[in-house]
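Text of the file upload_30.txt, holding compact mmCIF, C-alpha atoms:
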# COMPACT_ATOMS: atom_id res chain seq x y z
CA MET A 14 -1.26 4.29 -7.32
CA LYS A 15 1.28 2.70 -6.22
CA ARG A 16 5.00 2.43 -5.30
CA ARG A 17 6.32 5.88 -4.47
CA THR A 18 9.99 6.68 -4.27
CA PHE A 19 9.57 9.09 -1.37
CA LEU A 20 12.71 8.64 0.67
CA THR A 21 15.30 7.96 -2.03
CA ALA A 22 15.29 7.80 -5.78
CA THR A 23 15.90 4.41 -7.31
CA THR A 24 18.73 4.01 -9.78
CA ALA A 25 17.08 1.64 -12.22
CA SER A 26 17.54 2.73 -15.81
CA LEU A 27 15.94 1.79 -19.11
CA ALA A 28 17.12 2.46 -22.63
CA ALA A 29 14.81 4.70 -24.62
CA THR A 30 11.89 2.64 -25.84
CA GLN A 31 10.42 2.84 -29.32
CA LEU A 32 6.67 3.24 -28.98
CA ALA A 33 5.20 0.52 -31.15
CA GLY A 34 1.77 -1.01 -31.43
CA PRO A 35 -1.63 -0.05 -32.81
CA ALA A 36 -2.26 3.46 -34.05
CA TYR A 37 -3.70 5.84 -31.51
CA ALA A 38 -5.62 9.08 -31.69
CA TYR A 39 -5.29 10.84 -28.37
CA ALA A 40 -7.47 13.91 -27.98
CA SER A 41 -5.83 16.67 -25.97
CA PRO A 42 -7.35 16.94 -22.47
CA SER A 43 -7.51 20.72 -22.97
CA ARG A 44 -10.42 20.14 -25.34
CA SER A 45 -13.96 18.97 -24.64
CA THR A 46 -13.94 16.33 -21.91
CA GLY A 47 -17.28 14.59 -22.34
CA SER A 48 -18.87 13.02 -19.26
CA HIS A 49 -19.25 15.00 -16.07
CA TYR A 50 -18.04 13.40 -12.87
CA GLN A 51 -19.75 13.35 -9.51
CA VAL A 52 -17.98 13.65 -6.15
CA VAL A 53 -18.97 10.59 -4.11
CA ALA A 54 -16.94 11.31 -0.98
CA ARG A 55 -14.48 13.82 0.43
CA PHE A 56 -11.69 12.74 2.76
CA TRP A 57 -10.50 15.23 5.36
CA ASP A 58 -7.95 13.08 7.18
CA ALA A 59 -5.55 10.52 5.65
CA MET A 60 -5.11 10.35 1.88
CA PRO A 61 -6.68 7.36 0.09
CA THR A 62 -5.25 5.28 -2.72
CA GLY A 63 -7.51 2.31 -3.58
CA VAL A 64 -11.23 2.02 -4.18
CA THR A 65 -13.52 -0.88 -5.10
CA VAL A 66 -17.28 -1.46 -5.21
CA SER A 67 -19.24 -4.65 -4.48
CA ARG A 68 -22.17 -5.94 -6.52
CA ARG A 69 -24.56 -4.47 -3.98
CA GLY A 70 -22.91 -1.09 -4.15
CA ARG A 71 -20.81 -1.20 -1.00
CA ILE A 72 -17.78 1.06 -1.42
CA PHE A 73 -14.41 0.23 0.13
CA VAL A 74 -11.30 2.40 0.25
CA ASN A 75 -7.86 2.17 1.80
CA PHE A 76 -5.32 4.51 3.35
CA PRO A 77 -1.66 3.41 3.24
CA ARG A 78 0.53 4.34 6.18
CA TRP A 79 2.83 6.82 4.46
CA GLY A 80 3.08 9.34 7.30
CA ASP A 81 -0.48 10.60 7.82
CA ASP A 82 -2.33 9.65 10.99
CA VAL A 83 -3.98 6.40 9.82
CA PRO A 84 -6.11 4.79 12.56
CA PHE A 85 -7.40 2.23 10.02
CA THR A 86 -5.86 1.33 6.68
CA VAL A 87 -9.05 -0.23 5.16
CA ALA A 88 -12.52 1.28 5.40
CA GLU A 89 -16.06 0.95 4.13
CA LEU A 90 -17.91 4.14 3.26
CA ARG A 91 -21.06 4.40 5.35
CA GLY A 92 -23.10 7.54 4.98
CA GLY A 93 -20.21 9.00 3.02
CA LYS A 94 -17.78 8.49 5.91
CA PRO A 95 -14.98 5.90 6.18
CA VAL A 96 -15.43 3.28 8.91
CA ALA A 97 -12.76 0.69 9.81
CA TYR A 98 -13.31 -2.57 7.90
CA PRO A 99 -13.73 -5.43 8.59
CA ASN A 100 -13.07 -4.19 12.14
CA ALA A 101 -10.85 -1.81 14.08
CA GLU A 102 -8.69 -4.51 15.67
CA VAL A 103 -7.35 -6.03 12.44
CA ASN A 104 -6.58 -2.50 11.24
CA ARG A 105 -4.40 -1.83 14.26
CA GLN A 106 -0.75 -1.71 13.19
CA ASP A 107 1.09 -4.34 15.20
CA ALA A 108 4.73 -5.15 14.49
CA SER A 109 4.54 -8.10 16.90
CA ASP A 110 1.80 -9.77 14.81
CA LEU A 111 2.47 -8.88 11.20
CA ALA A 112 0.30 -11.64 9.74
CA GLY A 113 -2.67 -10.97 12.01
CA HIS A 114 -2.92 -7.21 11.43
CA LEU A 115 -3.06 -4.94 8.41
CA GLN A 116 0.18 -2.97 8.32
CA SER A 117 -0.16 -0.64 5.30
CA VAL A 118 -2.70 -1.47 2.62
CA GLN A 119 -2.13 -0.21 -0.92
CA SER A 120 -5.13 -1.71 -2.73
CA VAL A 121 -8.57 -3.22 -2.20
CA VAL A 122 -10.36 -5.18 -4.93
CA VAL A 123 -13.72 -7.00 -5.02
CA ASP A 124 -13.38 -10.16 -7.12
CA GLY A 125 -15.87 -11.91 -9.39
CA ALA A 126 -17.26 -13.90 -6.45
CA ASP A 127 -17.98 -10.66 -4.59
CA ARG A 128 -15.25 -11.11 -1.99
CA LEU A 129 -13.10 -8.22 -0.86
CA TRP A 130 -9.37 -8.80 -1.28
CA ILE A 131 -6.99 -6.60 0.69
CA LEU A 132 -3.40 -6.18 -0.57
CA ASP A 133 -1.12 -5.36 2.36
CA THR A 134 2.36 -4.12 1.42
CA GLY A 135 3.63 -4.84 4.94
CA SER A 136 5.82 -1.77 4.49
CA PRO A 137 4.65 1.31 6.41
CA LEU A 138 6.63 4.43 5.40
CA PHE A 139 8.32 2.31 2.68
CA ALA A 140 10.67 1.09 5.39
CA GLY A 141 10.84 -2.46 4.06
CA SER A 142 8.86 -5.56 4.94
CA SER A 143 9.32 -8.80 6.87
CA TYR A 144 7.60 -12.15 6.41
CA GLY A 145 3.99 -11.91 7.55
CA GLY A 146 3.59 -8.28 6.55
CA PRO A 147 3.07 -8.57 2.76
CA LYS A 148 -0.13 -10.55 2.19
CA LEU A 149 -3.46 -10.99 0.45
CA VAL A 150 -6.45 -11.06 2.78
CA ALA A 151 -9.95 -12.13 1.69
CA VAL A 152 -13.12 -10.94 3.43
CA ASP A 153 -16.50 -12.61 2.90
CA LEU A 154 -18.87 -9.68 2.31
CA ARG A 155 -21.86 -11.73 3.46
CA THR A 156 -20.43 -12.15 6.95
CA ASP A 157 -17.82 -9.37 7.02
CA ARG A 158 -15.28 -11.89 8.27
CA ILE A 159 -11.76 -12.66 7.09
CA VAL A 160 -11.81 -16.07 5.41
CA ARG A 161 -8.33 -16.33 3.91
CA THR A 162 -4.86 -14.90 4.47
CA ILE A 163 -2.09 -15.64 1.97
CA LEU A 164 1.42 -14.71 3.05
CA PHE A 165 4.17 -14.05 0.52
CA PRO A 166 7.54 -15.72 1.12
CA PRO A 167 10.66 -13.50 1.04
CA GLU A 168 11.89 -15.05 -2.21
CA VAL A 169 8.70 -13.80 -3.91
CA VAL A 170 8.31 -10.52 -2.03
CA PRO A 171 11.73 -9.43 -0.73
CA ALA A 172 12.04 -6.70 1.88
CA ASN A 173 12.42 -4.00 -0.77
CA SER A 174 9.35 -5.06 -2.76
CA TYR A 175 6.12 -3.09 -2.82
CA PRO A 176 3.01 -5.10 -3.85
CA ASN A 177 0.88 -2.50 -5.53
CA ASP A 178 -2.35 -3.54 -7.20
CA VAL A 179 -4.09 -6.82 -8.00
CA ARG A 180 -6.47 -8.41 -10.51
CA PHE A 181 -8.17 -11.83 -10.47
CA ASP A 182 -9.22 -14.63 -12.79
CA LEU A 183 -11.24 -17.10 -10.72
CA ARG A 184 -11.63 -19.54 -13.62
CA ARG A 185 -7.99 -20.63 -13.48
CA GLY A 186 -6.95 -23.64 -11.45
CA ALA A 187 -9.03 -24.93 -8.56
CA GLN A 188 -9.90 -21.54 -7.05
CA GLY A 189 -8.43 -18.90 -9.34
CA MET A 190 -5.30 -16.83 -9.79
CA ALA A 191 -4.27 -13.37 -8.68
CA PHE A 192 -1.85 -11.09 -10.56
CA ILE A 193 -0.05 -8.33 -8.66
CA THR A 194 2.30 -5.55 -9.77
CA ASP A 195 5.47 -5.07 -7.73
CA SER A 196 6.51 -1.43 -7.78
CA GLY A 197 9.58 -1.88 -5.62
CA GLY A 198 12.79 -3.84 -5.78
CA SER A 199 13.40 -5.10 -9.29
CA ASN A 200 9.80 -4.52 -10.44
CA GLY A 201 7.70 -7.20 -12.08
CA ILE A 202 4.53 -9.27 -11.67
CA ILE A 203 3.63 -11.60 -8.78
CA VAL A 204 1.29 -14.53 -9.49
CA VAL A 205 -0.72 -16.28 -6.76
CA ASP A 206 -2.54 -19.60 -6.91
CA LEU A 207 -5.52 -18.93 -4.64
CA ALA A 208 -6.16 -22.63 -3.97
CA THR A 209 -2.71 -23.44 -2.60
CA GLY A 210 -1.43 -20.01 -1.65
CA ARG A 211 1.69 -20.65 -3.72
CA SER A 212 3.15 -17.57 -5.40
CA TRP A 213 5.90 -16.84 -7.91
CA ARG A 214 7.47 -13.92 -9.75
CA ARG A 215 7.40 -13.07 -13.44
CA LEU A 216 9.03 -10.33 -15.58
CA THR A 217 11.34 -9.32 -12.72
CA GLY A 218 13.54 -6.56 -14.08
CA HIS A 219 12.08 -6.89 -17.59
CA PRO A 220 12.33 -3.62 -19.56
CA SER A 221 8.54 -3.43 -19.87
CA ALA A 222 8.24 -3.27 -16.07
CA LEU A 223 10.99 -0.71 -15.47
CA PRO A 224 10.69 3.10 -15.35
CA ASP A 225 11.93 5.17 -18.24
CA ALA A 226 15.36 6.67 -17.61
CA GLN A 227 15.30 10.39 -16.82
CA PHE A 228 11.52 10.48 -17.16
CA LEU A 229 10.41 14.06 -16.46
CA PRO A 230 6.65 14.67 -16.49
CA VAL A 231 5.08 18.08 -15.93
CA ILE A 232 2.36 18.00 -13.28
CA GLU A 233 0.42 21.06 -12.17
CA GLY A 234 2.69 23.14 -14.35
CA GLN A 235 5.98 22.02 -12.75
CA PRO A 236 8.58 19.38 -13.62
CA PHE A 237 7.85 16.50 -11.27
CA MET A 238 10.95 15.30 -9.42
CA VAL A 239 11.99 14.08 -5.98
CA ARG A 240 13.14 17.29 -4.27
CA PRO A 241 14.55 16.66 -0.78
CA ALA A 242 15.07 19.57 1.57
CA GLY A 243 18.65 20.74 1.19
CA GLY A 244 19.44 18.20 -1.50
CA GLU A 245 19.66 17.92 -5.25
CA PRO A 246 16.50 16.92 -7.13
CA THR A 247 16.42 13.46 -8.67
CA TYR A 248 14.17 11.78 -11.19
CA TYR A 249 11.07 10.05 -9.89
CA GLU A 250 11.58 6.46 -11.02
CA THR A 251 8.82 3.97 -10.28
CA GLY A 252 8.24 0.83 -12.32
CA SER A 253 5.35 -1.62 -12.75
CA ASP A 254 2.30 -0.04 -11.15
CA GLY A 255 -0.97 0.06 -13.05
CA ILE A 256 -2.64 -3.28 -13.81
CA ALA A 257 -5.81 -4.44 -15.59
CA ILE A 258 -7.02 -7.71 -17.06
CA SER A 259 -8.71 -8.15 -20.42
CA ALA A 260 -12.40 -8.94 -20.62
CA ASP A 261 -11.64 -12.47 -21.82
CA GLY A 262 -8.86 -12.97 -19.26
CA ARG A 263 -6.23 -13.75 -21.89
CA ARG A 264 -4.04 -10.66 -21.44
CA LEU A 265 -2.78 -8.74 -18.44
CA TYR A 266 -2.14 -5.04 -19.02
CA TYR A 267 0.47 -3.21 -16.95
CA SER A 268 2.56 -0.07 -17.03
CA PRO A 269 5.42 1.58 -15.17
CA LEU A 270 4.33 4.74 -13.37
CA SER A 271 7.35 6.69 -14.61
CA SER A 272 6.53 6.28 -18.29
CA ARG A 273 3.96 6.86 -20.99
CA ARG A 274 4.04 3.20 -22.10
CA LEU A 275 1.50 0.39 -22.00
CA HIS A 276 2.30 -3.32 -22.23
CA SER A 277 0.43 -6.58 -22.01
CA VAL A 278 1.46 -10.18 -21.35
CA SER A 279 -0.21 -13.56 -21.74
CA THR A 280 -2.00 -14.67 -18.58
CA ASP A 281 -1.53 -18.30 -19.69
CA ALA A 282 2.22 -17.78 -19.53
CA LEU A 283 2.07 -15.94 -16.19
CA ALA A 284 -0.11 -18.61 -14.63
CA ASP A 285 2.16 -21.49 -15.65
CA PRO A 286 4.54 -22.06 -12.72
CA ASP A 287 6.80 -24.15 -14.97
CA ALA A 288 7.18 -21.54 -17.71
CA THR A 289 10.65 -20.04 -18.04
CA ASP A 290 11.30 -16.32 -17.78
CA ALA A 291 12.14 -16.29 -21.47
CA GLU A 292 8.88 -18.01 -22.39
CA VAL A 293 6.85 -15.46 -20.42
CA ALA A 294 8.84 -12.52 -21.82
CA ALA A 295 8.22 -13.77 -25.36
CA THR A 296 4.49 -13.06 -24.89
CA VAL A 297 4.96 -9.40 -23.90
CA GLU A 298 3.44 -6.90 -26.34
CA ASN A 299 4.33 -3.20 -26.49
CA LEU A 300 1.04 -1.36 -26.99
CA GLY A 301 2.71 2.00 -27.41
CA PHE A 302 1.72 5.36 -26.01
CA LYS A 303 -0.59 6.06 -23.14
CA PRO A 304 -0.77 9.14 -20.89
CA MET A 305 1.23 9.02 -17.65
CA ALA A 306 -1.11 7.09 -15.36
CA ASP A 307 -1.09 5.57 -11.91
CA GLY A 308 -3.76 2.85 -11.75
CA LEU A 309 -5.42 1.09 -14.67
CA GLU A 310 -8.83 -0.55 -15.03
CA SER A 311 -10.79 -2.49 -17.65
CA ASP A 312 -14.46 -3.03 -18.49
CA ASP A 313 -16.46 -5.90 -19.95
CA LYS A 314 -16.33 -4.34 -23.43
CA GLY A 315 -12.57 -4.69 -23.64
CA ARG A 316 -11.69 -1.07 -22.93
CA LEU A 317 -9.04 0.31 -20.57
CA TYR A 318 -9.18 3.32 -18.26
CA GLY A 319 -6.59 5.43 -16.50
CA GLY A 320 -5.81 8.86 -15.19
CA ASP A 321 -3.75 11.42 -17.07
CA LEU A 322 -1.61 12.81 -14.25
CA GLU A 323 -0.20 15.60 -16.39
CA HIS A 324 -3.61 16.97 -17.39
CA ASN A 325 -5.92 16.24 -14.40
CA ALA A 326 -7.98 13.93 -16.58
CA ILE A 327 -9.44 10.44 -16.95
CA TRP A 328 -9.18 8.59 -20.28
CA ARG A 329 -10.53 5.47 -21.97
CA ARG A 330 -8.64 3.34 -24.48
CA SER A 331 -10.68 1.41 -27.04
CA PRO A 332 -9.61 -2.03 -28.34
CA ASP A 333 -8.37 -0.38 -31.55
CA GLY A 334 -5.85 1.62 -29.53
CA THR A 335 -7.56 5.02 -29.73
CA TYR A 336 -7.96 7.21 -26.66
CA ARG A 337 -10.80 9.41 -25.52
CA VAL A 338 -10.76 11.87 -22.63
CA LEU A 339 -13.81 11.17 -20.45
CA ALA A 340 -13.38 13.80 -17.76
CA GLN A 341 -11.09 16.60 -16.73
CA GLY A 342 -11.17 18.96 -13.78
CA HIS A 343 -8.95 21.16 -11.67
CA ASP A 344 -9.72 18.96 -8.63
CA LEU A 345 -8.73 15.67 -10.35
CA ILE A 346 -5.23 16.01 -8.93
CA TRP A 347 -3.32 12.73 -9.23
CA VAL A 348 -6.00 10.24 -10.21
CA ASP A 349 -4.77 7.12 -8.43
CA THR A 350 -6.96 3.98 -8.47
CA LEU A 351 -9.92 3.32 -10.76
CA SER A 352 -12.70 0.75 -10.40
CA VAL A 353 -15.58 -0.20 -12.70
CA ALA A 354 -18.71 -1.05 -10.70
CA SER A 355 -21.92 -2.96 -11.36
CA ASP A 356 -23.82 0.34 -11.41
CA ARG A 357 -22.02 1.02 -14.72
CA HIS A 358 -19.94 3.82 -13.28
CA LEU A 359 -16.19 4.28 -13.13
CA TYR A 360 -14.97 5.23 -9.65
CA ALA A 361 -11.62 6.95 -9.06
CA THR A 362 -9.63 8.45 -6.21
CA ALA A 363 -7.79 11.77 -6.56
CA ASN A 364 -5.30 12.20 -3.74
CA GLN A 365 -2.83 14.99 -4.64
CA LEU A 366 0.16 12.67 -4.32
CA ASP A 367 2.35 15.04 -6.33
CA ARG A 368 1.99 17.65 -3.57
CA LEU A 369 3.58 15.49 -0.86
CA SER A 370 6.60 16.90 0.95
CA PRO A 371 9.30 14.70 -0.70
CA PHE A 372 8.55 16.48 -3.97
CA HIS A 373 8.64 20.00 -2.51
CA GLU A 374 11.75 20.30 -0.36
CA GLY A 375 10.01 19.02 2.74
CA LYS A 376 6.83 21.11 2.38
CA ASP A 377 3.50 19.31 2.30
CA LEU A 378 1.39 21.24 -0.23
CA ARG A 379 -1.71 19.02 -0.13
CA ARG A 380 -5.01 20.79 0.40
CA LYS A 381 -7.80 18.69 1.83
CA PRO A 382 -10.19 17.21 0.98
CA TYR A 383 -9.06 14.32 -1.19
CA LEU A 384 -11.76 13.02 -3.50
CA LEU A 385 -13.59 9.91 -4.59
CA VAL A 386 -15.42 10.58 -7.85
CA ARG A 387 -17.45 8.58 -10.32
CA LEU A 388 -18.68 9.01 -13.88
CA PRO A 389 -21.16 6.97 -15.93
CA ILE A 390 -19.90 4.51 -18.53
CA ASP A 391 -21.87 2.12 -20.75
CA ALA A 392 -20.21 -1.01 -19.39
CA GLY A 393 -19.76 -3.20 -16.32
CA PRO A 394 -16.79 -4.75 -14.53
CA VAL A 395 -14.67 -7.68 -15.71
CA ARG A 396 -15.67 -10.60 -13.44
CA LEU A 397 -13.92 -13.76 -14.76
CA ALA A 398 -15.69 -16.00 -12.26
Would you mind writing the file's structure down as structure tokens?
Amino acid sequence: MKRRTFLTATTASLAATQLAGPAYAYASPSRSTGSHYQVVARFWDAMPTGVTVSRRGRIFVNFPRWGDDVPFTVAELRGGKPVAYPNAEVNRQDASDLAGHLQSVQSVVVDGADRLWILDTGSPLFAGSSYGGPKLVAVDLRTDRIVRTILFPPEVVPANSYPNDVRFDLRRGAQGMAFITDSGGSNGIIVVDLATGRSWRRLTGHPSALPDAQFLPVIEGQPFMVRPAGGEPTYYETGSDGIAISADGRRLYYSPLSSRRLHSVSTDALADPDATDAEVAATVENLGFKPMADGLESDDKGRLYGGDLEHNAIWRRSPDGTYRVLAQGHDLIWVDTLSVASDRHLYATANQLDRLSPFHEGKDLRRKPYLLVRLPIDAGPVRLA
């Protein structure tokens, strides 16, 4: 999931976009849905966003600090229950030691070397961040110890940014590259050289990363808008959010949350710190329609996955641009993050984000539990190691 305009609506606008790209054949989610999904875990406390699975089947989730009681923002599932990971102390929110503690984690991702990377927004309650808060933290899963912390400078992650989700290509450079969507501020992509810790921005404010103007989806039968108590409703406008990397590592897929558009960009261009903004933008491809989705994921057969927020469904996009609905259910309410695991299953969180109080005049309509589900697929994860 990703950047949520809970407190105020952003004013970014985007001219209507012509949907171009390969032909698609999207089957309506109201029809047969194919694979059945299994509930892996139920969450009765804070709402989760991210999920990732290690090669040995260890499952990690995270709980951003958006207003729920969040004693730990990263957890490992043990016996179906979340336990603070890598320990309780680092999960303790501490404004006096932003770099040494996890403030509000949006995503967790296991890379091709089987390390857990934690993406900390540094922005509890979307209140803005300060240096030391926004960071990438690596945990060695063999020792369960933090082995690397990469801080983002303010010129790369300003106070109004919101680092959202991350993908890796460990074959690039000395130790690999990370690619991160920024759902706040001017929207765009953040690139990180894992060897040096250096980071830079790409596609900041580019139309492909911005929300559609006056985008009005229908979720659970109602127009989805920011509806403050005692105030006028405004459009929910959130930009670059979902992210996935191609099986060969050559293209990075991304999409604004407030849209039904999919784009890709050359990872060679993103990873070149000397490339100009124009040179990077010249590699952007408009891949046309996709359902309104939060997170994205890819598999080793070159296919993409996402949730269909307007139809409580999960879809798969084939390399030829056609879509297939894999699962649909009344309890798949706001499919957030997806993760392909070595057990050849697709994992996904469903967290009822659309029922939060900012969208219902101050009334929290969520009904616990929130879910972690999985469904079988005939493919494995993209490793790029």
12 Å contact set for range 211-214 of chain A, all atoms listed in the file, chain neighbours under 5 positions out, as a PDB file with C-alpha atoms, keeping the file's coordinate frame:
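Listing of part.pdb after writing:
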ATOM      1  CA  LYS A 148      -0.130 -10.550   2.190  1.00  0.00           C
ATOM      2  CA  LEU A 149      -3.460 -10.990   0.450  1.00  0.00           C
ATOM      3  CA  THR A 162      -4.860 -14.900   4.470  1.00  0.00           C
ATOM      4  CA  ILE A 163      -2.090 -15.640   1.970  1.00  0.00           C
ATOM      5  CA  LEU A 164       1.420 -14.710   3.050  1.00  0.00           C
ATOM      6  CA  PHE A 165       4.170 -14.050   0.520  1.00  0.00           C
ATOM      7  CA  PRO A 166       7.540 -15.720   1.120  1.00  0.00           C
ATOM      8  CA  PRO A 167      10.660 -13.500   1.040  1.00  0.00           C
ATOM      9  CA  GLU A 168      11.890 -15.050  -2.210  1.00  0.00           C
ATOM     10  CA  VAL A 169       8.700 -13.800  -3.910  1.00  0.00           C
ATOM     11  CA  VAL A 170       8.310 -10.520  -2.030  1.00  0.00           C
ATOM     12  CA  PRO A 171      11.730  -9.430  -0.730  1.00  0.00           C
ATOM     13  CA  SER A 174       9.350  -5.060  -2.760  1.00  0.00           C
ATOM     14  CA  PRO A 176       3.010  -5.100  -3.850  1.00  0.00           C
ATOM     15  CA  GLY A 186      -6.950 -23.640 -11.450  1.00  0.00           C
ATOM     16  CA  GLY A 189      -8.430 -18.900  -9.340  1.00  0.00           C
ATOM     17  CA  MET A 190      -5.300 -16.830  -9.790  1.00  0.00           C
ATOM     18  CA  ALA A 191      -4.270 -13.370  -8.680  1.00  0.00           C
ATOM     19  CA  PHE A 192      -1.850 -11.090 -10.560  1.00  0.00           C
ATOM     20  CA  ILE A 193      -0.050  -8.330  -8.660  1.00  0.00           C
ATOM     21  CA  THR A 194       2.300  -5.550  -9.770  1.00  0.00           C
ATOM     22  CA  ASP A 195       5.470  -5.070  -7.730  1.00  0.00           C
ATOM     23  CA  SER A 199      13.400  -5.100  -9.290  1.00  0.00           C
ATOM     24  CA  ASN A 200       9.800  -4.520 -10.440  1.00  0.00           C
ATOM     25  CA  GLY A 201       7.700  -7.200 -12.080  1.00  0.00           C
ATOM     26  CA  ILE A 202       4.530  -9.270 -11.670  1.00  0.00           C
ATOM     27  CA  ILE A 203       3.630 -11.600  -8.780  1.00  0.00           C
ATOM     28  CA  VAL A 204       1.290 -14.530  -9.490  1.00  0.00           C
ATOM     29  CA  VAL A 205      -0.720 -16.280  -6.760  1.00  0.00           C
ATOM     30  CA  ASP A 206      -2.540 -19.600  -6.910  1.00  0.00           C
ATOM     31  CA  HIS A 219      12.080  -6.890 -17.590  1.00  0.00           C
ATOM     32  CA  ALA A 282       2.220 -17.780 -19.530  1.00  0.00           C
ATOM     33  CA  LEU A 283       2.070 -15.940 -16.190  1.00  0.00           C
ATOM     34  CA  ALA A 284      -0.110 -18.610 -14.630  1.00  0.00           C
ATOM     35  CA  ASP A 285       2.160 -21.490 -15.650  1.00  0.00           C
ATOM     36  CA  PRO A 286       4.540 -22.060 -12.720  1.00  0.00           C
ATOM     37  CA  ASP A 287       6.800 -24.150 -14.970  1.00  0.00           C
ATOM     38  CA  ALA A 288       7.180 -21.540 -17.710  1.00  0.00           C
ATOM     39  CA  THR A 289      10.650 -20.040 -18.040  1.00  0.00           C
ATOM     40  CA  ASP A 290      11.300 -16.320 -17.780  1.00  0.00           C
ATOM     41  CA  VAL A 293       6.850 -15.460 -20.420  1.00  0.00           C
TER      42      VAL A 293
END
Using all atoms of range 240-249 of chain A that appear in the file, construct an axis-aligned enclosing box with 8 Å of padding on every side and provide its centre coordinates and edge lengths in Å, rounded to one decimal, as lines of an AutoDock Vina configuration file.
center_x = 15.4
center_y = 15.4
center_z = -4.8
size_x = 24.6
size_y = 26.7
size_z = 28.8
Test item: residues at most 8 Å from range 130-136 of chain A, only C-alpha atoms, excluding those fewer than 5 positions along its chain, as a PyMOL selection string: chain A and resi 111+115-124+141-143+145-152+175-179
Could the residues in this selection be saved with C-alpha atoms as a PDB file, in the coordinates of the input?
ATOM      1  CA  LEU A 111       2.470  -8.880  11.200  1.00  0.00           C
ATOM      2  CA  LEU A 115      -3.060  -4.940   8.410  1.00  0.00           C
ATOM      3  CA  GLN A 116       0.180  -2.970   8.320  1.00  0.00           C
ATOM      4  CA  SER A 117      -0.160  -0.640   5.300  1.00  0.00           C
ATOM      5  CA  VAL A 118      -2.700  -1.470   2.620  1.00  0.00           C
ATOM      6  CA  GLN A 119      -2.130  -0.210  -0.920  1.00  0.00           C
ATOM      7  CA  SER A 120      -5.130  -1.710  -2.730  1.00  0.00           C
ATOM      8  CA  VAL A 121      -8.570  -3.220  -2.200  1.00  0.00           C
ATOM      9  CA  VAL A 122     -10.360  -5.180  -4.930  1.00  0.00           C
ATOM     10  CA  VAL A 123     -13.720  -7.000  -5.020  1.00  0.00           C
ATOM     11  CA  ASP A 124     -13.380 -10.160  -7.120  1.00  0.00           C
ATOM     12  CA  GLY A 141      10.840  -2.460   4.060  1.00  0.00           C
ATOM     13  CA  SER A 142       8.860  -5.560   4.940  1.00  0.00           C
ATOM     14  CA  SER A 143       9.320  -8.800   6.870  1.00  0.00           C
ATOM     15  CA  GLY A 145       3.990 -11.910   7.550  1.00  0.00           C
ATOM     16  CA  GLY A 146       3.590  -8.280   6.550  1.00  0.00           C
ATOM     17  CA  PRO A 147       3.070  -8.570   2.760  1.00  0.00           C
ATOM     18  CA  LYS A 148      -0.130 -10.550   2.190  1.00  0.00           C
ATOM     19  CA  LEU A 149      -3.460 -10.990   0.450  1.00  0.00           C
ATOM     20  CA  VAL A 150      -6.450 -11.060   2.780  1.00  0.00           C
ATOM     21  CA  ALA A 151      -9.950 -12.130   1.690  1.00  0.00           C
ATOM     22  CA  VAL A 152     -13.120 -10.940   3.430  1.00  0.00           C
ATOM     23  CA  TYR A 175       6.120  -3.090  -2.820  1.00  0.00           C
ATOM     24  CA  PRO A 176       3.010  -5.100  -3.850  1.00  0.00           C
ATOM     25  CA  ASN A 177       0.880  -2.500  -5.530  1.00  0.00           C
ATOM     26  CA  ASP A 178      -2.350  -3.540  -7.200  1.00  0.00           C
ATOM     27  CA  VAL A 179      -4.090  -6.820  -8.000  1.00  0.00           C
TER      28      VAL A 179
END
Could you list, as an mmCIF file with C-alpha atoms, keeping the file's coordinate frame, every residue within 9 Å of Gly244 in chain A, counting all atoms listed in the file and ignoring same-chain residues fewer than 3 positions away?
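Written output follows (selection-v9.cif):
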data_model
loop_
_atom_site.group_PDB
_atom_site.id
_atom_site.type_symbol
_atom_site.label_atom_id
_atom_site.label_comp_id
_atom_site.auth_asym_id
_atom_site.auth_seq_id
_atom_site.Cartn_x
_atom_site.Cartn_y
_atom_site.Cartn_z
ATOM 1 C CA ARG A 240 13.140 17.290 -4.270
ATOM 2 C CA PRO A 241 14.550 16.660 -0.780
ATOM 3 C CA GLU A 374 11.750 20.300 -0.360
#
Could you please give me, as a list in words, the residues of protein, DNA or RNA lying at most 12 Å from (19.0, 16.9, -4.3) in the coordinate frame of the file, considering all atoms listed in the file? Leu20, Thr21, Ala22, Met238, Val239, Arg240, Pro241, Ala242, Gly243, Gly244, Glu245, Pro246, Thr247, Tyr248, Tyr249, Pro371, Phe372, His373, Glu374 and Gly375 of chain A
At what distance in Å, to one decimal, does CA of Ala361 in chain A lie from CA of Thr280 in chain A? 25.5 Å
Measuring atom to atom with all atoms listed in the file, identify which of A:Gly113, A:Pro224, A:Pro394, A:Gly262 is nearest to Asp182 in chain A. A:Gly262
Using Å and a single decimal, report how far CA of Lys314 in chain A sits from CA of Arg128 in chain A.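 Pair CA of Arg128 in chain A / CA of Lys314 in chain A returns 22.5 Å.
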Would you please work out which residue, of A:Ile346, A:Ile327, A:His49, A:Val64, is nearest to Leu369 in chain A when using only C-alpha atoms? A:Ile346
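Atom pair CA of Asn104 in chain A / CA of Lys376 in chain A has a distance of 28.6 Å (rounded to one decimal).
With only C-alpha atoms as the basis for measurement, A:Gly80 is the residue among A:Gly255, A:Gly80, A:Gly92, A:Pro99 that approaches Ala140 in chain A most closely.
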Which residues are close to Ile256 in chain A, i.e. within 12 Å by only C-alpha atoms, leaving aside same-chain residues fewer than 3 positions away? Reply as an MDAnalysis selection string. chainID A and resid 14:15 120 122 176:181 191:196 201:203 222 252:253 259 264:270 275:278 306:311 317:319 349:352
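Between Ser272 in chain A and the candidates A:Asp313, A:Asp225, A:Glu298, A:Asp107, the tightest atom-to-atom separation, counting all atoms listed in the file, involves A:Asp225.
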